[in-house]
$ cat protein.pdb   # PDB, C-alpha atoms
ATOM      1  CA  LEU A   1     133.685  15.616-173.864
ATOM      2  CA  ALA A   2     133.130  12.119-172.492
ATOM      3  CA  SER A   3     130.085  11.606-174.703
ATOM      4  CA  THR A   4     132.200  12.196-177.837
ATOM      5  CA  SER A   5     134.912   9.731-176.839
ATOM      6  CA  ARG A   6     135.331   6.455-178.661
ATOM      7  CA  GLU A   7     134.065   4.159-175.922
ATOM      8  CA  GLY A   8     133.164   6.387-172.993
ATOM      9  CA  ARG A   9     136.058   5.207-170.833
ATOM     10  CA  ILE A  10     137.376   7.798-168.386
ATOM     11  CA  LEU A  11     140.141   7.692-165.785
ATOM     12  CA  GLU A  12     139.840  10.511-163.256
ATOM     13  CA  ILE A  13     142.765  11.332-160.995
ATOM     14  CA  GLY A  14     141.387  13.271-158.041
ATOM     15  CA  THR A  15     137.715  12.752-157.123
ATOM     16  CA  PHE A  16     137.042  15.503-154.562
ATOM     17  CA  THR A  17     133.236  15.990-154.266
ATOM     18  CA  GLY A  18     132.442  13.789-157.262
ATOM     19  CA  TYR A  19     131.033  16.623-159.399
ATOM     20  CA  ALA A  20     133.341  15.998-162.364
ATOM     21  CA  THR A  21     132.932  12.251-161.815
ATOM     22  CA  ALA A  22     129.180  12.609-162.214
ATOM     23  CA  CYS A  23     129.613  14.682-165.376
ATOM     24  CA  PHE A  24     131.953  12.083-166.848
ATOM     25  CA  LEU A  25     129.564   9.293-165.894
ATOM     26  CA  GLU A  26     126.675  11.015-167.668
ATOM     27  CA  GLY A  27     128.882  11.460-170.748
ATOM     28  CA  ALA A  28     130.061   7.857-170.614
ATOM     29  CA  ALA A  29     126.452   6.676-170.596
ATOM     30  CA  ALA A  30     125.716   8.887-173.620
ATOM     31  CA  ALA A  31     128.699   7.404-175.461
ATOM     32  CA  GLY A  32     127.468   3.922-174.628
ATOM     33  CA  ARG A  33     124.018   4.676-176.004
ATOM     34  CA  CYS A  34     125.546   6.016-179.240
ATOM     35  CA  LEU A  35     127.538   2.800-179.580
ATOM     36  CA  GLY A  36     124.484   0.669-178.890
ATOM     37  CA  SER A  37     126.118  -0.993-175.885
ATOM     38  CA  ASP A  38     123.925  -3.581-174.182
ATOM     39  CA  VAL A  39     126.375  -4.526-171.422
ATOM     40  CA  VAL A  40     127.388  -2.334-168.486
ATOM     41  CA  GLY A  41     130.970  -1.106-168.874
ATOM     42  CA  SER A  42     133.578  -2.351-166.429
ATOM     43  CA  ARG A  43     137.166  -1.737-165.412
ATOM     44  CA  ASP A  44     138.625  -4.722-167.245
ATOM     45  CA  GLY A  45     135.917  -5.608-169.748
ATOM     46  CA  GLY A  46     135.684  -2.391-171.737
ATOM     47  CA  GLY A  47     132.614  -0.302-172.472
ATOM     48  CA  PRO A  48     131.466   2.973-170.876
ATOM     49  CA  PHE A  49     133.165   3.247-167.508
ATOM     50  CA  VAL A  50     134.590   5.849-165.123
ATOM     51  CA  LEU A  51     137.402   4.969-162.710
ATOM     52  CA  SER A  52     138.217   7.691-160.179
ATOM     53  CA  LEU A  53     141.280   7.646-157.907
ATOM     54  CA  GLU A  54     141.323   9.538-154.606
ATOM     55  CA  ARG A  55     143.380   9.451-151.407
ATOM     56  CA  ASP A  56     141.190  11.476-149.043
ATOM     57  CA  ARG A  57     138.542   9.405-147.265
ATOM     58  CA  ARG A  58     136.450  12.473-146.453
ATOM     59  CA  ALA A  59     136.286  13.411-150.128
ATOM     60  CA  LEU A  60     135.403   9.834-151.065
ATOM     61  CA  GLY A  61     132.614   9.801-148.508
ATOM     62  CA  LEU A  62     131.001  12.877-150.070
ATOM     63  CA  ALA A  63     131.628  11.760-153.661
ATOM     64  CA  SER A  64     130.194   8.288-153.075
ATOM     65  CA  SER A  65     127.080   9.836-151.506
ATOM     66  CA  HIS A  66     126.571  12.081-154.540
ATOM     67  CA  LEU A  67     127.073   9.233-156.997
ATOM     68  CA  LYS A  68     124.747   6.899-155.108
ATOM     69  CA  VAL A  69     121.990   9.492-155.468
ATOM     70  CA  MET A  70     122.749   9.801-159.175
ATOM     71  CA  ALA A  71     122.764   6.025-159.688
ATOM     72  CA  ASP A  72     119.527   5.490-157.717
ATOM     73  CA  LEU A  73     117.485   8.539-158.671
ATOM     74  CA  GLY A  74     119.101  10.016-161.771
ATOM     75  CA  ILE A  75     119.872  13.678-162.434
ATOM     76  CA  GLY A  76     116.304  14.998-162.583
ATOM     77  CA  VAL A  77     114.314  16.878-159.955
ATOM     78  CA  GLU A  78     114.086  13.919-157.556
ATOM     79  CA  GLY A  79     117.815  13.284-157.718
ATOM     80  CA  GLY A  80     118.593  16.984-157.377
ATOM     81  CA  ASN A  81     116.424  17.343-154.294
ATOM     82  CA  GLU A  82     118.067  14.352-152.639
ATOM     83  CA  ALA A  83     121.583  15.532-153.540
ATOM     84  CA  SER A  84     120.854  18.983-152.074
ATOM     85  CA  LYS A  85     120.541  17.362-148.649
ATOM     86  CA  LEU A  86     124.252  16.573-148.818
ATOM     87  CA  ARG A  87     125.059  20.256-148.421
ATOM     88  CA  ASP A  88     125.135  19.506-144.720
ATOM     89  CA  VAL A  89     128.474  17.707-144.916
ATOM     90  CA  SER A  90     128.308  16.930-141.194
ATOM     91  CA  GLN A  91     125.869  14.182-142.151
ATOM     92  CA  VAL A  92     128.375  12.581-144.550
ATOM     93  CA  LYS A  93     130.619   9.885-143.119
ATOM     94  CA  ASP A  94     134.221   9.291-144.134
ATOM     95  CA  PHE A  95     134.624   6.468-146.619
ATOM     96  CA  ASP A  96     135.911   3.396-144.770
ATOM     97  CA  GLY A  97     136.422   0.957-147.635
ATOM     98  CA  GLU A  98     138.904   0.608-150.458
ATOM     99  CA  SER A  99     136.510   0.879-153.407
ATOM    100  CA  ILE A 100     132.841   1.278-154.251
ATOM    101  CA  SER A 101     131.057   0.748-157.561
ATOM    102  CA  PHE A 102     127.905   2.125-159.170
ATOM    103  CA  THR A 103     125.888   1.556-162.330
ATOM    104  CA  TYR A 104     124.210   4.451-164.092
ATOM    105  CA  ASN A 105     121.284   4.038-166.494
ATOM    106  CA  ASN A 106     122.063   0.307-166.798
ATOM    107  CA  ILE A 107     124.880   1.114-169.212
ATOM    108  CA  ALA A 108     127.793   2.973-167.599
ATOM    109  CA  GLY A 109     129.879   1.593-164.767
ATOM    110  CA  CYS A 110     131.728   3.676-162.190
ATOM    111  CA  GLU A 111     134.258   2.810-159.499
ATOM    112  CA  LEU A 112     135.765   5.036-156.834
ATOM    113  CA  LEU A 113     139.110   3.652-155.716
ATOM    114  CA  ARG A 114     141.014   4.827-152.667
ATOM    115  CA  VAL A 115     144.750   4.987-153.290
ATOM    116  CA  ASN A 116     147.724   6.192-151.280
ATOM    117  CA  ASP A 117     149.577   7.579-154.300
ATOM    118  CA  ALA A 118     147.664   8.090-157.547
ATOM    119  CA  LEU A 119     150.814   8.441-159.652
ATOM    120  CA  ALA A 120     152.182   5.160-158.325
ATOM    121  CA  THR A 121     148.839   3.513-159.120
ATOM    122  CA  VAL A 122     148.893   4.829-162.697
ATOM    123  CA  GLU A 123     152.480   3.612-163.053
ATOM    124  CA  GLU A 124     151.389   0.131-161.932
ATOM    125  CA  MET A 125     148.601   0.233-164.506
ATOM    126  CA  ALA A 126     151.109   1.224-167.193
ATOM    127  CA  LEU A 127     153.307  -1.735-166.270
ATOM    128  CA  GLY A 128     150.369  -4.120-166.543
ATOM    129  CA  ASN A 129     150.296  -4.863-162.822
ATOM    130  CA  ARG A 130     146.602  -3.937-162.530
ATOM    131  CA  THR A 131     143.823  -5.421-164.655
ATOM    132  CA  HIS A 132     141.975  -2.837-166.734
ATOM    133  CA  ALA A 133     141.031  -1.916-170.298
ATOM    134  CA  ALA A 134     142.583   1.250-171.734
ATOM    135  CA  PHE A 135     140.854   4.631-171.375
ATOM    136  CA  ASP A 136     139.833   7.308-173.880
ATOM    137  CA  ILE A 137     140.293  10.262-171.520
ATOM    138  CA  VAL A 138     142.405  10.818-168.424
ATOM    139  CA  PHE A 139     141.384  13.802-166.303
ATOM    140  CA  VAL A 140     144.201  14.980-164.015
ATOM    141  CA  ASP A 141     143.074  17.137-161.100
ATOM    142  CA  ALA A 142     145.640  16.001-158.562
ATOM    143  CA  ASP A 143     149.154  16.822-157.335
ATOM    144  CA  LYS A 144     150.168  19.912-159.330
ATOM    145  CA  THR A 145     153.852  19.325-158.627
ATOM    146  CA  ARG A 146     153.958  16.053-160.626
ATOM    147  CA  LEU A 147     151.852  16.811-163.692
ATOM    148  CA  MET A 148     154.640  16.147-166.178
ATOM    149  CA  GLU A 149     155.244  12.784-164.542
ATOM    150  CA  TYR A 150     151.600  11.890-165.178
ATOM    151  CA  VAL A 151     151.947  12.901-168.827
ATOM    152  CA  ASP A 152     155.151  10.869-169.198
ATOM    153  CA  VAL A 153     153.610   7.657-167.904
ATOM    154  CA  LEU A 154     150.410   8.116-169.922
ATOM    155  CA  VAL A 155     152.200   8.630-173.246
ATOM    156  CA  SER A 156     154.891   5.999-172.653
ATOM    157  CA  THR A 157     152.478   3.104-173.228
ATOM    158  CA  ASP A 158     148.987   2.480-174.599
ATOM    159  CA  ARG A 159     147.995   0.305-171.623
ATOM    160  CA  VAL A 160     146.395   3.202-169.721
ATOM    161  CA  LEU A 161     145.536   5.821-172.361
ATOM    162  CA  LYS A 162     144.677   4.808-175.901
ATOM    163  CA  LYS A 163     146.645   6.170-178.822
ATOM    164  CA  GLY A 164     144.918   9.405-179.817
ATOM    165  CA  GLY A 165     143.383   9.689-176.350
ATOM    166  CA  LEU A 166     143.108  12.888-174.326
ATOM    167  CA  ILE A 167     144.820  13.986-171.134
ATOM    168  CA  VAL A 168     142.792  16.814-169.595
ATOM    169  CA  VAL A 169     144.600  18.913-166.978
ATOM    170  CA  ASP A 170     142.743  21.357-164.745
ATOM    171  CA  ASN A 171     143.915  24.620-163.101
ATOM    172  CA  VAL A 172     146.600  25.358-165.704
ATOM    173  CA  LEU A 173     146.162  29.123-165.175
ATOM    174  CA  TRP A 174     146.053  28.789-161.364
ATOM    175  CA  LYS A 175     143.844  31.721-160.369
ATOM    176  CA  GLY A 176     145.364  33.795-163.166
ATOM    177  CA  LEU A 177     148.741  33.900-161.433
ATOM    178  CA  VAL A 178     150.349  31.780-164.160
ATOM    179  CA  LEU A 179     149.920  34.699-166.555
ATOM    180  CA  ASP A 180     152.058  36.905-164.325
ATOM    181  CA  ALA A 181     154.585  34.133-163.747
ATOM    182  CA  SER A 182     154.964  33.595-167.492
ATOM    183  CA  SER A 183     155.689  37.283-168.107
ATOM    184  CA  SER A 184     158.794  37.206-165.926
ATOM    185  CA  ASN A 185     161.274  34.714-164.583
ATOM    186  CA  GLY A 186     158.800  33.646-161.921
ATOM    187  CA  TYR A 187     157.575  35.135-158.677
ATOM    188  CA  ASP A 188     159.795  36.550-155.980
ATOM    189  CA  SER A 189     157.992  36.177-152.679
ATOM    190  CA  SER A 190     160.240  38.777-151.009
ATOM    191  CA  ASP A 191     157.763  41.439-152.122
ATOM    192  CA  ASP A 192     155.284  40.040-149.627
ATOM    193  CA  GLU A 193     157.448  40.592-146.558
ATOM    194  CA  SER A 194     155.596  43.808-145.660
ATOM    195  CA  SER A 195     152.350  41.924-145.176
ATOM    196  CA  GLN A 196     151.099  41.993-141.597
ATOM    197  CA  ASP A 197     148.886  38.964-142.050
ATOM    198  CA  LYS A 198     151.161  35.945-141.725
ATOM    199  CA  GLU A 199     148.456  33.472-142.726
ATOM    200  CA  LEU A 200     147.634  35.487-145.862
ATOM    201  CA  LEU A 201     151.346  35.747-146.613
ATOM    202  CA  LYS A 202     151.679  31.981-146.320
ATOM    203  CA  LYS A 203     148.731  31.453-148.691
ATOM    204  CA  ASN A 204     150.103  33.990-151.177
ATOM    205  CA  ARG A 205     153.495  32.318-151.212
ATOM    206  CA  ARG A 206     151.943  28.892-151.720
ATOM    207  CA  ALA A 207     149.754  30.170-154.558
ATOM    208  CA  ARG A 208     152.707  31.828-156.269
ATOM    209  CA  LYS A 209     154.866  28.742-155.838
ATOM    210  CA  LEU A 210     152.184  26.610-157.470
ATOM    211  CA  ALA A 211     151.752  29.198-160.232
ATOM    212  CA  ASN A 212     155.454  28.864-161.030
ATOM    213  CA  LYS A 213     155.140  25.078-161.143
ATOM    214  CA  MET A 214     152.096  25.291-163.414
ATOM    215  CA  HIS A 215     153.951  27.700-165.710
ATOM    216  CA  ARG A 216     156.895  25.300-165.942
ATOM    217  CA  PHE A 217     154.506  22.447-166.738
ATOM    218  CA  ASN A 218     152.709  24.458-169.424
ATOM    219  CA  SER A 219     156.030  25.430-170.996
ATOM    220  CA  ALA A 220     157.327  21.855-170.972
ATOM    221  CA  VAL A 221     154.252  20.034-172.265
ATOM    222  CA  VAL A 222     153.725  22.372-175.230
ATOM    223  CA  LYS A 223     157.261  21.508-176.423
ATOM    224  CA  ASP A 224     156.715  17.739-176.089
ATOM    225  CA  ASP A 225     156.505  16.245-179.587
ATOM    226  CA  ARG A 226     154.606  13.210-178.284
ATOM    227  CA  VAL A 227     151.461  15.283-177.785
ATOM    228  CA  ASP A 228     149.359  18.123-179.186
ATOM    229  CA  VAL A 229     148.192  20.739-176.687
ATOM    230  CA  LEU A 230     145.191  23.058-176.593
ATOM    231  CA  MET A 231     144.944  25.389-173.591
ATOM    232  CA  MET A 232     141.554  26.978-172.939
ATOM    233  CA  ASN A 233     140.941  29.915-170.634
ATOM    234  CA  LEU A 234     137.836  28.370-169.111
ATOM    235  CA  ARG A 235     137.491  29.232-165.427
ATOM    236  CA  ASP A 236     140.863  28.302-163.882
ATOM    237  CA  GLY A 237     142.364  27.098-167.164
ATOM    238  CA  LEU A 238     141.989  23.716-168.838
ATOM    239  CA  SER A 239     144.496  22.004-171.139
ATOM    240  CA  MET A 240     143.494  19.275-173.542
ATOM    241  CA  ILE A 241     146.556  17.203-174.397
ATOM    242  CA  ARG A 242     146.135  14.759-177.270
ATOM    243  CA  LYS A 243     148.400  11.750-177.328
ATOM    244  CA  ARG A 244     149.823  11.270-180.819
TER     245      ARG A 244
END
$ encode --input "protein.pdb" --output "structure tokens"
Amino acid sequence: LASTSREGRILEIGTFTGYATACFLEGAAAAGRCLGSDVVGSRDGGGPFVLSLERDRRALGLASSHLKVMADLGIGVEGGNEASKLRDVSQVKDFDGESISFTYNNIAGCELLRVNDALATVEEMALGNRTHAAFDIVFVDADKTRLMEYVDVLVSTDRVLKKGGLIVVDNVLWKGLVLDASSSNGYDSSDDESSQDKELLKKNRRARKLANKMHRFNSAVVKDDRVDVLMMNLRDGLSMIRKR
């Protein structure tokens, strides 16, 4: 997806282990090669570039370790062998900075940025309070309770997401529970009261609550005339939302 974008510029909201970040970075580099770019992309200068926002320092520590291996050794056998050592997460330290940058294949730039509130950061970007060039794709894998707020800020201006750009939202089927939520008026957790496992009951209620929120988001965004929506039943559900 990133390799077919206009400039290979990706904003990722929610880094976690850095797996999707690495995929986007590889695609951004491919887009840069297709464009014949001879300068490494950057946050404010344009070109192939991935900016990933994350709050959790533990996640950033693991993601930055993965991306350092990718930047130094590539994605071949040598890089894969080195990355496999990170399976022992006890050896990975929490990230103690505010940002870290990488260059991949001398063409694509990448920056991991620690933020307290990703939505607030995107809102600042939309207002022009942060220096950056606009992105082709925004991947939202963050707070499921505020997805429509992310869409609103991304379509309200072209400062963050280019006109015609894509918003990609993950987990839109939420373990398949959204399908059940959409066939009724939502879940009623009272049916779970007979459960003897309080921890399982708590998890079930949380999952059903999030399924209801995802269903409400899916129903709202498909009616929004500012965008076109394609929902795909890949794994946990993925929606591609094109900004008109």
$ atom_distance --input "protein.pdb" --atom1 "atom CA of Asn218 of chain A" --atom2 "atom CA of Arg159 of chain A"
24.7 Å
$ closest_residue --input "protein.pdb" --among "A:Trp174, A:Phe16, A:Tyr150, A:Phe135" --to "Leu210 of chain A" --atoms "all atoms listed in the file"
A:Trp174
$ residues_around --input "protein.pdb" --residues "Asp94 of chain A" --least-positions-apart "2" --cutoff "7 Å" --atoms "only C-alpha atoms" --output "list in words"
Arg57, Arg58, Gly61, Val92 and Asp96 of chain A
$ residues_around --input "protein.pdb" --residues "segment 97-100 of chain A" --least-positions-apart "3" --cutoff "9 Å" --atoms "all atoms listed in the file" --output "NGL selection string"
:A and (57 or 64 or 110-115)
$ closest_residue --input "protein.pdb" --among "A:Ile107, A:Leu53, A:Met240, A:Ala59" --to "Ala71 of chain A" --atoms "all atoms listed in the file"
A:Ile107
$ resolve_selection --input "protein.pdb" --expression "the PyMOL selection byres ((chain A and resi 108) around 9)" --output "mmCIF file with C-alpha atoms, keeping the file's coordinate frame"
data_model
loop_
_atom_site.group_PDB
_atom_site.id
_atom_site.type_symbol
_atom_site.label_atom_id
_atom_site.label_comp_id
_atom_site.auth_asym_id
_atom_site.auth_seq_id
_atom_site.Cartn_x
_atom_site.Cartn_y
_atom_site.Cartn_z
ATOM 1 C CA GLY A 8 133.164 6.387 -172.993
ATOM 2 C CA LEU A 25 129.564 9.293 -165.894
ATOM 3 C CA GLU A 26 126.675 11.015 -167.668
ATOM 4 C CA ALA A 28 130.061 7.857 -170.614
ATOM 5 C CA ALA A 29 126.452 6.676 -170.596
ATOM 6 C CA ALA A 30 125.716 8.887 -173.620
ATOM 7 C CA GLY A 32 127.468 3.922 -174.628
ATOM 8 C CA VAL A 39 126.375 -4.526 -171.422
ATOM 9 C CA VAL A 40 127.388 -2.334 -168.486
ATOM 10 C CA GLY A 41 130.970 -1.106 -168.874
ATOM 11 C CA SER A 42 133.578 -2.351 -166.429
ATOM 12 C CA GLY A 47 132.614 -0.302 -172.472
ATOM 13 C CA PRO A 48 131.466 2.973 -170.876
ATOM 14 C CA PHE A 49 133.165 3.247 -167.508
ATOM 15 C CA VAL A 50 134.590 5.849 -165.123
ATOM 16 C CA PHE A 102 127.905 2.125 -159.170
ATOM 17 C CA THR A 103 125.888 1.556 -162.330
ATOM 18 C CA TYR A 104 124.210 4.451 -164.092
ATOM 19 C CA ASN A 105 121.284 4.038 -166.494
ATOM 20 C CA ASN A 106 122.063 0.307 -166.798
ATOM 21 C CA ILE A 107 124.880 1.114 -169.212
ATOM 22 C CA GLY A 109 129.879 1.593 -164.767
ATOM 23 C CA CYS A 110 131.728 3.676 -162.190
#
$ closest_residue --input "protein.pdb" --among "A:Lys93, A:Leu177, A:His66, A:Ile137" --to "Gly164 of chain A" --atoms "all atoms listed in the file"
A:Ile137
$ resolve_selection --input "protein.pdb" --expression "the PyMOL selection byres ((chain A and resi 17) around 7)" --output "PyMOL selection string"
chain A and resi 15-16+18-19+59+62-63
$ residues_around --input "protein.pdb" --residues "Ala211 of chain A" --least-positions-apart "5" --cutoff "9 Å" --atoms "only C-alpha atoms" --output "PyMOL selection string"
chain A and resi 172-181+186-187+206+216
$ resolve_selection --input "protein.pdb" --expression "the PyMOL selection byres ((chain A and resi 148) around 10)" --output "list in words"
Lys144, Thr145, Arg146, Leu147, Glu149, Tyr150, Val151, Asp152, Val153, Leu154, Met214, Arg216, Phe217, Asn218, Ala220 and Val221 of chain A
$ decode --input "protein.pdb" --residues "segment 200-219 of chain A" --atoms "N, CA, C and O atoms" --output "short mmCIF file (atom, residue, chain, number, x, y, z; two decimals), in the first residue's frame"
data_model
loop_
_atom_site.label_atom_id
_atom_site.label_comp_id
_atom_site.auth_asym_id
_atom_site.auth_seq_id
_atom_site.Cartn_x
_atom_site.Cartn_y
_atom_site.Cartn_z
N LEU A 200 -12.38 -13.30 33.34
CA LEU A 200 -12.89 -13.56 31.99
C LEU A 200 -14.11 -12.69 31.72
O LEU A 200 -14.27 -12.15 30.62
N LEU A 201 -14.97 -12.55 32.73
CA LEU A 201 -16.15 -11.71 32.59
C LEU A 201 -15.75 -10.27 32.29
O LEU A 201 -16.33 -9.61 31.41
N LYS A 202 -14.74 -9.79 33.00
CA LYS A 202 -14.26 -8.43 32.80
C LYS A 202 -13.75 -8.25 31.38
O LYS A 202 -14.03 -7.24 30.72
N LYS A 203 -12.96 -9.25 30.89
CA LYS A 203 -12.43 -9.17 29.53
C LYS A 203 -13.55 -9.22 28.50
O LYS A 203 -13.52 -8.50 27.49
N ASN A 204 -14.54 -10.09 28.73
CA ASN A 204 -15.66 -10.20 27.80
C ASN A 204 -16.43 -8.89 27.71
O ASN A 204 -16.84 -8.46 26.64
N ARG A 205 -16.67 -8.27 28.84
CA ARG A 205 -17.39 -7.01 28.86
C ARG A 205 -16.63 -5.91 28.13
O ARG A 205 -17.20 -5.12 27.38
N ARG A 206 -15.30 -5.88 28.36
CA ARG A 206 -14.48 -4.88 27.69
C ARG A 206 -14.50 -5.10 26.17
O ARG A 206 -14.65 -4.15 25.39
N ALA A 207 -14.37 -6.36 25.76
CA ALA A 207 -14.37 -6.67 24.33
C ALA A 207 -15.69 -6.29 23.69
O ALA A 207 -15.73 -5.73 22.59
N ARG A 208 -16.78 -6.57 24.37
CA ARG A 208 -18.10 -6.24 23.82
C ARG A 208 -18.34 -4.74 23.79
O ARG A 208 -18.95 -4.21 22.86
N LYS A 209 -17.83 -4.05 24.81
CA LYS A 209 -17.96 -2.59 24.83
C LYS A 209 -17.22 -1.97 23.65
O LYS A 209 -17.73 -1.08 22.97
N LEU A 210 -16.01 -2.48 23.40
CA LEU A 210 -15.23 -1.97 22.27
C LEU A 210 -15.87 -2.35 20.94
O LEU A 210 -15.82 -1.58 19.98
N ALA A 211 -16.49 -3.53 20.89
CA ALA A 211 -17.17 -3.94 19.66
C ALA A 211 -18.31 -2.99 19.34
O ALA A 211 -18.54 -2.62 18.18
N ASN A 212 -19.04 -2.57 20.38
CA ASN A 212 -20.12 -1.59 20.17
C ASN A 212 -19.57 -0.27 19.66
O ASN A 212 -20.16 0.35 18.76
N LYS A 213 -18.44 0.16 20.22
CA LYS A 213 -17.84 1.43 19.78
C LYS A 213 -17.37 1.32 18.33
O LYS A 213 -17.53 2.26 17.55
N MET A 214 -16.76 0.18 17.98
CA MET A 214 -16.30 -0.01 16.61
C MET A 214 -17.49 -0.04 15.65
O MET A 214 -17.42 0.51 14.54
N HIS A 215 -18.58 -0.67 16.06
CA HIS A 215 -19.78 -0.70 15.21
C HIS A 215 -20.32 0.71 14.99
O HIS A 215 -20.70 1.07 13.86
N ARG A 216 -20.34 1.52 16.05
CA ARG A 216 -20.83 2.89 15.90
C ARG A 216 -19.91 3.70 14.98
O ARG A 216 -20.38 4.51 14.17
N PHE A 217 -18.60 3.46 15.09
CA PHE A 217 -17.67 4.15 14.20
C PHE A 217 -17.90 3.73 12.75
O PHE A 217 -17.98 4.57 11.84
N ASN A 218 -17.99 2.43 12.51
CA ASN A 218 -18.21 1.93 11.15
C ASN A 218 -19.49 2.51 10.55
O ASN A 218 -19.51 2.88 9.36
N SER A 219 -20.53 2.58 11.36
CA SER A 219 -21.82 3.10 10.87
C SER A 219 -21.74 4.58 10.56
O SER A 219 -22.36 5.06 9.60
#
